[in-house]
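Here is the file structure-v1.pdb (PDB, C-alpha atoms, pLDDT in the B column).
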```pdb
MODEL        1
ATOM      1  CA  GLY B  81      15.103  30.504 -28.278  1.00 62.00           C
ATOM      2  CA  LEU B  82      13.990  30.492 -31.895  1.00 77.00           C
ATOM      3  CA  PHE B  83      12.090  33.793 -31.881  1.00 81.00           C
ATOM      4  CA  LEU B  84      14.853  35.880 -33.513  1.00 78.00           C
ATOM      5  CA  GLN B  85      15.441  33.187 -36.130  1.00 83.00           C
ATOM      6  CA  LEU B  86      11.730  33.069 -36.891  1.00 85.00           C
ATOM      7  CA  VAL B  87      11.402  36.857 -37.232  1.00 85.00           C
ATOM      8  CA  LEU B  88      14.545  37.234 -39.350  1.00 85.00           C
ATOM      9  CA  GLY B  89      13.558  34.220 -41.454  1.00 85.00           C
ATOM     10  CA  MET B  90      10.115  35.707 -42.132  1.00 86.00           C
ATOM     11  CA  VAL B  91      11.626  39.084 -43.090  1.00 87.00           C
ATOM     12  CA  LEU B  92      14.136  37.388 -45.408  1.00 88.00           C
ATOM     13  CA  PHE B  93      11.381  35.244 -46.932  1.00 87.00           C
ATOM     14  CA  THR B  94       9.229  38.327 -47.540  1.00 85.00           C
ATOM     15  CA  LEU B  95      12.164  40.179 -49.147  1.00 86.00           C
ATOM     16  CA  LEU B  96      12.869  37.144 -51.332  1.00 86.00           C
ATOM     17  CA  LEU B  97       9.224  36.994 -52.464  1.00 83.00           C
ATOM     18  CA  ASN B  98       9.247  40.722 -53.226  1.00 84.00           C
ATOM     19  CA  TYR B  99      12.468  40.275 -55.226  1.00 85.00           C
ATOM     20  CA  ILE B 100      10.838  37.532 -57.279  1.00 85.00           C
ATOM     21  CA  LYS B 101       7.825  39.806 -57.858  1.00 83.00           C
ATOM     22  CA  ALA B 102      10.132  42.687 -58.864  1.00 83.00           C
ATOM     23  CA  LYS B 103      11.772  40.446 -61.463  1.00 83.00           C
ATOM     24  CA  GLY B 104       8.408  39.908 -63.164  1.00 81.00           C
ATOM     25  CA  PHE B 105       6.953  36.745 -61.664  1.00 80.00           C
ATOM     26  CA  ASN B 106       3.363  37.031 -60.450  1.00 76.00           C
ATOM     27  CA  LEU B 107       2.969  35.477 -56.995  1.00 68.00           C
ATOM     28  CA  ARG B 108      -0.212  35.699 -54.935  1.00 67.00           C
ATOM     29  CA  MET B 109       1.381  35.229 -51.496  1.00 60.00           C
ATOM     30  CA  SER B 110       1.444  37.636 -48.569  1.00 57.00           C
ATOM     31  CA  ILE B 111       2.548  37.243 -44.965  1.00 52.00           C
ATOM     32  CA  LEU B 112       1.449  40.635 -43.660  1.00 53.00           C
ATOM     33  CA  PRO B 113      -2.217  41.652 -43.283  1.00 53.00           C
ATOM     34  CA  TYR B 114      -2.657  44.808 -45.358  1.00 49.00           C
ATOM     35  CA  HIS B 115      -6.307  45.351 -44.424  1.00 43.00           C
ATOM     36  CA  CYS B 116      -5.903  46.628 -40.832  1.00 46.00           C
ATOM     37  CA  VAL B 117      -6.853  50.293 -40.327  1.00 41.00           C
ATOM     38  CA  ASN B 118      -7.130  52.138 -37.011  1.00 47.00           C
ATOM     39  CA  GLN B 119      -9.681  54.863 -36.384  1.00 44.00           C
ATOM     40  CA  ALA B 120      -9.418  57.465 -33.633  1.00 50.00           C
ATOM     41  CA  SER B 121     -11.325  60.625 -32.763  1.00 46.00           C
ATOM     42  CA  THR B 122     -10.627  63.442 -30.324  1.00 52.00           C
ATOM     43  CA  THR B 123     -12.605  66.467 -29.146  1.00 55.00           C
ATOM     44  CA  ASN B 124     -11.312  69.831 -27.892  1.00 57.00           C
ATOM     45  CA  ASP B 125     -13.045  72.699 -26.076  1.00 58.00           C
ATOM     46  CA  THR B 126     -12.855  75.948 -28.095  1.00 58.00           C
ATOM     47  CA  THR B 127     -15.869  77.781 -26.633  1.00 65.00           C
ATOM     48  CA  GLY B 128     -13.918  80.889 -25.512  1.00 68.00           C
ATOM     49  CA  LEU B 129     -12.543  81.716 -28.980  1.00 73.00           C
ATOM     50  CA  GLY B 130     -13.994  84.053 -31.561  1.00 80.00           C
ATOM     51  CA  MET B 131     -14.772  83.017 -35.117  1.00 83.00           C
ATOM     52  CA  THR B 132     -11.484  84.365 -36.544  1.00 86.00           C
ATOM     53  CA  ASP B 133      -9.465  82.638 -33.817  1.00 83.00           C
ATOM     54  CA  LYS B 134     -11.264  79.368 -34.467  1.00 83.00           C
ATOM     55  CA  PHE B 135     -10.590  79.680 -38.196  1.00 86.00           C
ATOM     56  CA  GLN B 136      -6.879  80.407 -37.572  1.00 88.00           C
ATOM     57  CA  LEU B 137      -6.690  77.470 -35.174  1.00 86.00           C
ATOM     58  CA  VAL B 138      -8.288  75.137 -37.704  1.00 88.00           C
ATOM     59  CA  LEU B 139      -5.988  76.431 -40.436  1.00 90.00           C
ATOM     60  CA  HIS B 140      -2.916  75.997 -38.231  1.00 88.00           C
ATOM     61  CA  VAL B 141      -3.915  72.474 -37.184  1.00 91.00           C
ATOM     62  CA  ALA B 142      -4.772  71.497 -40.761  1.00 92.00           C
ATOM     63  CA  THR B 143      -1.400  72.750 -42.012  1.00 92.00           C
ATOM     64  CA  ARG B 144       0.487  70.842 -39.329  1.00 91.00           C
ATOM     65  CA  VAL B 145      -1.533  67.684 -39.963  1.00 92.00           C
ATOM     66  CA  GLN B 146      -0.970  67.956 -43.721  1.00 94.00           C
ATOM     67  CA  ASN B 147       2.791  68.434 -43.306  1.00 93.00           C
ATOM     68  CA  THR B 148       3.087  65.613 -40.780  1.00 92.00           C
ATOM     69  CA  LEU B 149       1.011  63.212 -42.853  1.00 94.00           C
ATOM     70  CA  GLY B 150       3.027  64.144 -45.952  1.00 93.00           C
ATOM     71  CA  LYS B 151       6.282  63.270 -44.181  1.00 93.00           C
ATOM     72  CA  LEU B 152       4.751  60.071 -42.835  1.00 94.00           C
ATOM     73  CA  ALA B 153       3.469  59.086 -46.283  1.00 94.00           C
ATOM     74  CA  ASP B 154       6.886  59.755 -47.835  1.00 93.00           C
ATOM     75  CA  GLY B 155       8.535  57.622 -45.164  1.00 93.00           C
ATOM     76  CA  LEU B 156       6.093  54.767 -45.656  1.00 94.00           C
ATOM     77  CA  GLU B 157       6.527  54.961 -49.440  1.00 94.00           C
ATOM     78  CA  LYS B 158      10.295  54.785 -48.979  1.00 93.00           C
ATOM     79  CA  ILE B 159       9.940  51.711 -46.765  1.00 93.00           C
ATOM     80  CA  LYS B 160       7.565  50.113 -49.264  1.00 93.00           C
ATOM     81  CA  ASN B 161       9.928  50.824 -52.149  1.00 92.00           C
ATOM     82  CA  LEU B 162      12.847  49.471 -50.119  1.00 91.00           C
ATOM     83  CA  LEU B 163      11.004  46.223 -49.436  1.00 91.00           C
ATOM     84  CA  MET B 164       9.695  45.960 -53.013  1.00 91.00           C
ATOM     85  CA  TRP B 165      13.223  46.222 -54.539  1.00 89.00           C
ATOM     86  CA  ARG B 166      12.648  49.570 -56.287  1.00 89.00           C
ATOM     87  CA  ASP B 167      16.141  50.670 -55.230  1.00 88.00           C
ATOM     88  CA  MET B 168      18.257  47.576 -55.852  1.00 89.00           C
ATOM     89  CA  GLU B 169      21.442  48.746 -54.102  1.00 89.00           C
ATOM     90  CA  ALA B 170      19.764  49.721 -50.832  1.00 90.00           C
ATOM     91  CA  THR B 171      17.682  46.550 -50.720  1.00 91.00           C
ATOM     92  CA  LYS B 172      20.746  44.411 -51.475  1.00 92.00           C
ATOM     93  CA  ARG B 173      22.475  46.020 -48.483  1.00 92.00           C
ATOM     94  CA  LEU B 174      19.448  45.367 -46.282  1.00 92.00           C
ATOM     95  CA  PHE B 175      19.216  41.778 -47.524  1.00 94.00           C
ATOM     96  CA  LYS B 176      22.910  41.139 -46.814  1.00 94.00           C
ATOM     97  CA  VAL B 177      22.656  42.583 -43.306  1.00 92.00           C
ATOM     98  CA  LEU B 178      19.555  40.517 -42.568  1.00 93.00           C
ATOM     99  CA  CYS B 179      21.258  37.363 -43.900  1.00 94.00           C
ATOM    100  CA  LEU B 180      24.267  38.014 -41.656  1.00 93.00           C
ATOM    101  CA  ALA B 181      21.968  38.604 -38.688  1.00 91.00           C
ATOM    102  CA  PHE B 182      20.077  35.386 -39.461  1.00 92.00           C
ATOM    103  CA  LEU B 183      23.329  33.416 -39.661  1.00 93.00           C
ATOM    104  CA  ALA B 184      24.609  34.997 -36.443  1.00 91.00           C
ATOM    105  CA  VAL B 185      21.395  34.150 -34.580  1.00 89.00           C
ATOM    106  CA  THR B 186      21.472  30.636 -36.022  1.00 90.00           C
ATOM    107  CA  PHE B 187      25.079  29.765 -35.157  1.00 92.00           C
ATOM    108  CA  PHE B 188      25.655  31.777 -31.946  1.00 91.00           C
ATOM    109  CA  ASP B 189      23.668  31.613 -28.760  1.00 89.00           C
ATOM    110  CA  GLN B 190      20.925  34.159 -28.270  1.00 83.00           C
ATOM    111  CA  VAL B 191      22.429  35.750 -25.153  1.00 88.00           C
ATOM    112  CA  SER B 192      25.661  36.711 -26.916  1.00 91.00           C
ATOM    113  CA  CYS B 193      23.738  38.029 -29.939  1.00 88.00           C
ATOM    114  CA  ILE B 194      21.568  40.196 -27.685  1.00 88.00           C
ATOM    115  CA  ARG B 195      24.672  41.491 -25.867  1.00 92.00           C
ATOM    116  CA  VAL B 196      26.371  42.426 -29.142  1.00 92.00           C
ATOM    117  CA  MET B 197      23.184  44.128 -30.378  1.00 89.00           C
ATOM    118  CA  GLY B 198      22.840  45.961 -27.054  1.00 91.00           C
ATOM    119  CA  LEU B 199      26.455  47.114 -27.199  1.00 93.00           C
ATOM    120  CA  TYR B 200      26.012  48.307 -30.791  1.00 92.00           C
ATOM    121  CA  LEU B 201      22.769  50.125 -30.008  1.00 90.00           C
ATOM    122  CA  GLY B 202      24.252  51.663 -26.850  1.00 91.00           C
ATOM    123  CA  VAL B 203      27.231  53.050 -28.757  1.00 92.00           C
ATOM    124  CA  LYS B 204      24.977  54.209 -31.600  1.00 91.00           C
ATOM    125  CA  PHE B 205      22.375  55.906 -29.367  1.00 89.00           C
ATOM    126  CA  PHE B 206      24.594  57.428 -26.703  1.00 90.00           C
ATOM    127  CA  ILE B 207      27.784  58.304 -28.591  1.00 91.00           C
ATOM    128  CA  VAL B 208      27.236  58.385 -32.350  1.00 91.00           C
ATOM    129  CA  PHE B 209      23.842  60.139 -32.270  1.00 89.00           C
ATOM    130  CA  TRP B 210      25.276  62.765 -29.913  1.00 89.00           C
ATOM    131  CA  ILE B 211      28.143  63.399 -32.348  1.00 92.00           C
ATOM    132  CA  TYR B 212      25.722  63.570 -35.286  1.00 91.00           C
ATOM    133  CA  ARG B 213      23.457  66.004 -33.427  1.00 89.00           C
ATOM    134  CA  LYS B 214      26.407  68.188 -32.404  1.00 91.00           C
ATOM    135  CA  PHE B 215      28.066  68.107 -35.834  1.00 92.00           C
ATOM    136  CA  PRO B 216      25.521  67.850 -38.694  1.00 91.00           C
ATOM    137  CA  ARG B 217      28.244  67.897 -41.368  1.00 92.00           C
ATOM    138  CA  VAL B 218      29.688  64.700 -39.922  1.00 92.00           C
ATOM    139  CA  LYS B 219      26.239  63.119 -40.109  1.00 90.00           C
ATOM    140  CA  TRP B 220      25.768  64.306 -43.683  1.00 89.00           C
ATOM    141  CA  LYS B 221      29.105  62.768 -44.728  1.00 90.00           C
ATOM    142  CA  HIS B 222      29.401  59.609 -42.634  1.00 90.00           C
ATOM    143  CA  ASP B 223      25.961  58.360 -41.591  1.00 89.00           C
ATOM    144  CA  ALA B 224      25.265  55.519 -44.019  1.00 87.00           C
ATOM    145  CA  THR B 225      21.724  54.972 -42.745  1.00 87.00           C
ATOM    146  CA  ALA B 226      20.740  58.608 -43.280  1.00 88.00           C
ATOM    147  CA  ARG B 227      22.390  58.599 -46.704  1.00 89.00           C
ATOM    148  CA  ILE B 228      20.468  55.498 -47.765  1.00 88.00           C
ATOM    149  CA  TRP B 229      17.237  57.006 -46.406  1.00 90.00           C
ATOM    150  CA  ARG B 230      17.803  60.271 -48.311  1.00 90.00           C
ATOM    151  CA  HIS B 231      18.345  58.419 -51.585  1.00 89.00           C
ATOM    152  CA  LEU B 232      15.413  56.011 -51.288  1.00 91.00           C
ATOM    153  CA  PRO B 233      12.746  56.882 -53.850  1.00 91.00           C
ATOM    154  CA  THR B 234       9.151  57.762 -53.078  1.00 91.00           C
ATOM    155  CA  ASP B 235       6.403  56.795 -55.516  1.00 91.00           C
ATOM    156  CA  ALA B 236       6.638  60.252 -57.123  1.00 89.00           C
ATOM    157  CA  ASP B 237      10.419  59.883 -57.620  1.00 89.00           C
ATOM    158  CA  ILE B 238      10.284  56.529 -59.432  1.00 88.00           C
ATOM    159  CA  PRO B 239       8.980  57.808 -62.823  1.00 88.00           C
ATOM    160  CA  ALA B 240      11.527  60.648 -62.769  1.00 84.00           C
ATOM    161  CA  ARG B 241      14.346  58.187 -62.086  1.00 82.00           C
ATOM    162  CA  MET B 242      13.115  55.859 -64.818  1.00 80.00           C
ATOM    163  CA  SER B 243      12.905  58.685 -67.375  1.00 81.00           C
ATOM    164  CA  ARG B 244      16.351  59.944 -66.339  1.00 78.00           C
ATOM    165  CA  ARG B 245      17.772  56.438 -66.660  1.00 73.00           C
ATOM    166  CA  HIS B 246      16.032  56.037 -70.037  1.00 72.00           C
ATOM    167  CA  THR B 247      17.485  59.285 -71.389  1.00 77.00           C
ATOM    168  CA  ILE B 248      20.966  58.358 -70.144  1.00 74.00           C
ATOM    169  CA  ASP B 249      20.723  54.890 -71.748  1.00 70.00           C
ATOM    170  CA  SER B 250      19.401  56.212 -75.067  1.00 72.00           C
ATOM    171  CA  GLY B 251      21.800  59.162 -75.156  1.00 67.00           C
ATOM    172  CA  THR B 252      24.997  57.078 -75.103  1.00 56.00           C
TER     173      THR B 252
ENDMDL
END
```

Using the file provided, produce a representation of the structure as structure tokens.
Amino acid sequence: GLFLQLVLGMVLFTLLLNYIKAKGFNLRMSILPYHCVNQASTTNDTTGLGMTDKFQLVLHVATRVQNTLGKLADGLEKIKNLLMWRDMEATKRLFKVLCLAFLAVTFFDQVSCIRVMGLYLGVKFFIVFWIYRKFPRVKWKHDATARIWRHLPTDADIPARMSRRHTIDSGT
């Protein structure tokens, strides 16, 4: 019965430690193992192709892999910057939502919390996502999660934001 409390408590504790680190204190604590790396290999049969076809296939696969890994890296950098308090407003929102969820799981029974979460996710997945897919302008205007995700900085965006903020502060 304490699983949700434990998970939410650990996430809140990690966010609190990252906030303290972002404010300049040097802590040497970590909950997550950052040293795990998976390795995988696959083989394909391309014996019937000519040299030009093989080269085009390799070029096509390499381009797709590069684009996919670039999007994945940007997404992971955004998550890292969200958890490391690089964008204060977005992380404050996340922290408030997680605190509310922790309090709800603490003071209400787990069955009712799971029912409310299931109802929310059902409405979100089966009604709201359908509306957003059908009408992209509505998603662009009203989807708070997508808006927050679009405005989260990657590691390349942080120096540009800092220099922009510095020029705005020194210019006034």

Would you write out, as a PDB file with C-alpha atoms, in the frame of the given file, every residue that the PyMOL selection byres ((chain B and resi 229-235) around 8) captures in this file?
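Final file, selection-v3.pdb:
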```
ATOM      1  CA  ASP B 154       6.886  59.755 -47.835  1.00 93.00           C
ATOM      2  CA  GLY B 155       8.535  57.622 -45.164  1.00 93.00           C
ATOM      3  CA  GLU B 157       6.527  54.961 -49.440  1.00 94.00           C
ATOM      4  CA  LYS B 158      10.295  54.785 -48.979  1.00 93.00           C
ATOM      5  CA  ASN B 161       9.928  50.824 -52.149  1.00 92.00           C
ATOM      6  CA  LEU B 162      12.847  49.471 -50.119  1.00 91.00           C
ATOM      7  CA  ARG B 166      12.648  49.570 -56.287  1.00 89.00           C
ATOM      8  CA  ASP B 167      16.141  50.670 -55.230  1.00 88.00           C
ATOM      9  CA  ALA B 170      19.764  49.721 -50.832  1.00 90.00           C
ATOM     10  CA  THR B 225      21.724  54.972 -42.745  1.00 87.00           C
ATOM     11  CA  ALA B 226      20.740  58.608 -43.280  1.00 88.00           C
ATOM     12  CA  ARG B 227      22.390  58.599 -46.704  1.00 89.00           C
ATOM     13  CA  ILE B 228      20.468  55.498 -47.765  1.00 88.00           C
ATOM     14  CA  ALA B 236       6.638  60.252 -57.123  1.00 89.00           C
ATOM     15  CA  ASP B 237      10.419  59.883 -57.620  1.00 89.00           C
ATOM     16  CA  ILE B 238      10.284  56.529 -59.432  1.00 88.00           C
ATOM     17  CA  PRO B 239       8.980  57.808 -62.823  1.00 88.00           C
TER      18      PRO B 239
END
```

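The residues returned by the PyMOL selection byres ((chain B and resi 89) around 12) on the shown structure are Leu82, Phe83, Leu84, Gln85, Leu86, Val87, Leu88, Met90, Val91, Leu92, Phe93, Thr94, Leu95, Leu96, Ile111, Phe175, Leu178, Cys179, Leu180, Ala181, Phe182, Leu183, Val185 and Thr186 of chain B.
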
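For Phe209 in chain B, the set of protein, DNA and RNA residues having any atom at most 12 Å away, when counting all atoms listed in the file and skipping those fewer than 4 positions along the same chain, is B:Leu201, B:Gly202, B:Val203, B:Lys204, B:Phe205, B:Arg213, B:Lys214, B:Phe215, B:Pro216, B:Val218, B:Lys219, B:His222, B:Asp223, B:Thr225, B:Ala226.
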
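Picture a line from CA of Ser192 in chain B to CA of Ile207 in chain B; it runs 21.8 Å.
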
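Between CA of Gly104 in chain B and CA of Ala153 in chain B lies a distance of 26.0 Å.
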
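Taking CA of Glu169 in chain B as the reference point, CA of Ala224 in chain B is found at 12.7 Å.
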
**Report entry** Test item: residues at most 10 Å from Trp165 in chain B, all atoms listed in the file, excluding those fewer than 5 positions along its chain, as an MDAnalysis selection string
**Finding:** chainID B and resid 95:96 98:103 160 170:172

Residue rebuild result range 189-201 of chain B, N, CA, C and O atoms as a PDB file, keeping the file's coordinate frame:
```
ATOM      1  N   ASP B 189      24.765  31.650 -29.714  1.00 89.00           N
ATOM      2  CA  ASP B 189      23.668  31.613 -28.760  1.00 89.00           C
ATOM      3  C   ASP B 189      23.008  32.980 -28.652  1.00 89.00           C
ATOM      4  O   ASP B 189      23.603  34.010 -28.923  1.00 89.00           O
ATOM      5  N   GLN B 190      21.752  32.958 -28.247  1.00 83.00           N
ATOM      6  CA  GLN B 190      20.925  34.159 -28.270  1.00 83.00           C
ATOM      7  C   GLN B 190      21.427  35.217 -27.289  1.00 83.00           C
ATOM      8  O   GLN B 190      21.344  36.413 -27.566  1.00 83.00           O
ATOM      9  N   VAL B 191      21.965  34.802 -26.158  1.00 88.00           N
ATOM     10  CA  VAL B 191      22.429  35.750 -25.153  1.00 88.00           C
ATOM     11  C   VAL B 191      23.581  36.590 -25.691  1.00 88.00           C
ATOM     12  O   VAL B 191      23.607  37.817 -25.543  1.00 88.00           O
ATOM     13  N   SER B 192      24.528  35.945 -26.372  1.00 91.00           N
ATOM     14  CA  SER B 192      25.661  36.711 -26.916  1.00 91.00           C
ATOM     15  C   SER B 192      25.216  37.619 -28.061  1.00 91.00           C
ATOM     16  O   SER B 192      25.718  38.736 -28.201  1.00 91.00           O
ATOM     17  N   CYS B 193      24.257  37.174 -28.859  1.00 88.00           N
ATOM     18  CA  CYS B 193      23.738  38.029 -29.939  1.00 88.00           C
ATOM     19  C   CYS B 193      23.035  39.259 -29.370  1.00 88.00           C
ATOM     20  O   CYS B 193      23.204  40.366 -29.876  1.00 88.00           O
ATOM     21  N   ILE B 194      22.264  39.064 -28.300  1.00 88.00           N
ATOM     22  CA  ILE B 194      21.568  40.196 -27.685  1.00 88.00           C
ATOM     23  C   ILE B 194      22.571  41.148 -27.047  1.00 88.00           C
ATOM     24  O   ILE B 194      22.412  42.371 -27.115  1.00 88.00           O
ATOM     25  N   ARG B 195      23.646  40.623 -26.451  1.00 92.00           N
ATOM     26  CA  ARG B 195      24.672  41.491 -25.867  1.00 92.00           C
ATOM     27  C   ARG B 195      25.377  42.317 -26.940  1.00 92.00           C
ATOM     28  O   ARG B 195      25.614  43.512 -26.748  1.00 92.00           O
ATOM     29  N   VAL B 196      25.708  41.690 -28.059  1.00 92.00           N
ATOM     30  CA  VAL B 196      26.371  42.426 -29.142  1.00 92.00           C
ATOM     31  C   VAL B 196      25.431  43.485 -29.698  1.00 92.00           C
ATOM     32  O   VAL B 196      25.846  44.626 -29.942  1.00 92.00           O
ATOM     33  N   MET B 197      24.149  43.136 -29.889  1.00 89.00           N
ATOM     34  CA  MET B 197      23.184  44.128 -30.378  1.00 89.00           C
ATOM     35  C   MET B 197      23.009  45.259 -29.373  1.00 89.00           C
ATOM     36  O   MET B 197      22.915  46.428 -29.756  1.00 89.00           O
ATOM     37  N   GLY B 198      22.963  44.932 -28.090  1.00 91.00           N
ATOM     38  CA  GLY B 198      22.840  45.961 -27.054  1.00 91.00           C
ATOM     39  C   GLY B 198      24.050  46.872 -27.017  1.00 91.00           C
ATOM     40  O   GLY B 198      23.916  48.089 -26.870  1.00 91.00           O
ATOM     41  N   LEU B 199      25.245  46.303 -27.153  1.00 93.00           N
ATOM     42  CA  LEU B 199      26.455  47.114 -27.199  1.00 93.00           C
ATOM     43  C   LEU B 199      26.446  48.034 -28.413  1.00 93.00           C
ATOM     44  O   LEU B 199      26.736  49.233 -28.302  1.00 93.00           O
ATOM     45  N   TYR B 200      26.082  47.497 -29.574  1.00 92.00           N
ATOM     46  CA  TYR B 200      26.012  48.307 -30.791  1.00 92.00           C
ATOM     47  C   TYR B 200      24.996  49.439 -30.638  1.00 92.00           C
ATOM     48  O   TYR B 200      25.283  50.598 -30.960  1.00 92.00           O
ATOM     49  N   LEU B 201      23.802  49.099 -30.159  1.00 90.00           N
ATOM     50  CA  LEU B 201      22.769  50.125 -30.008  1.00 90.00           C
ATOM     51  C   LEU B 201      23.146  51.155 -28.950  1.00 90.00           C
ATOM     52  O   LEU B 201      22.852  52.342 -29.117  1.00 90.00           O
TER      53      LEU B 201
END
```
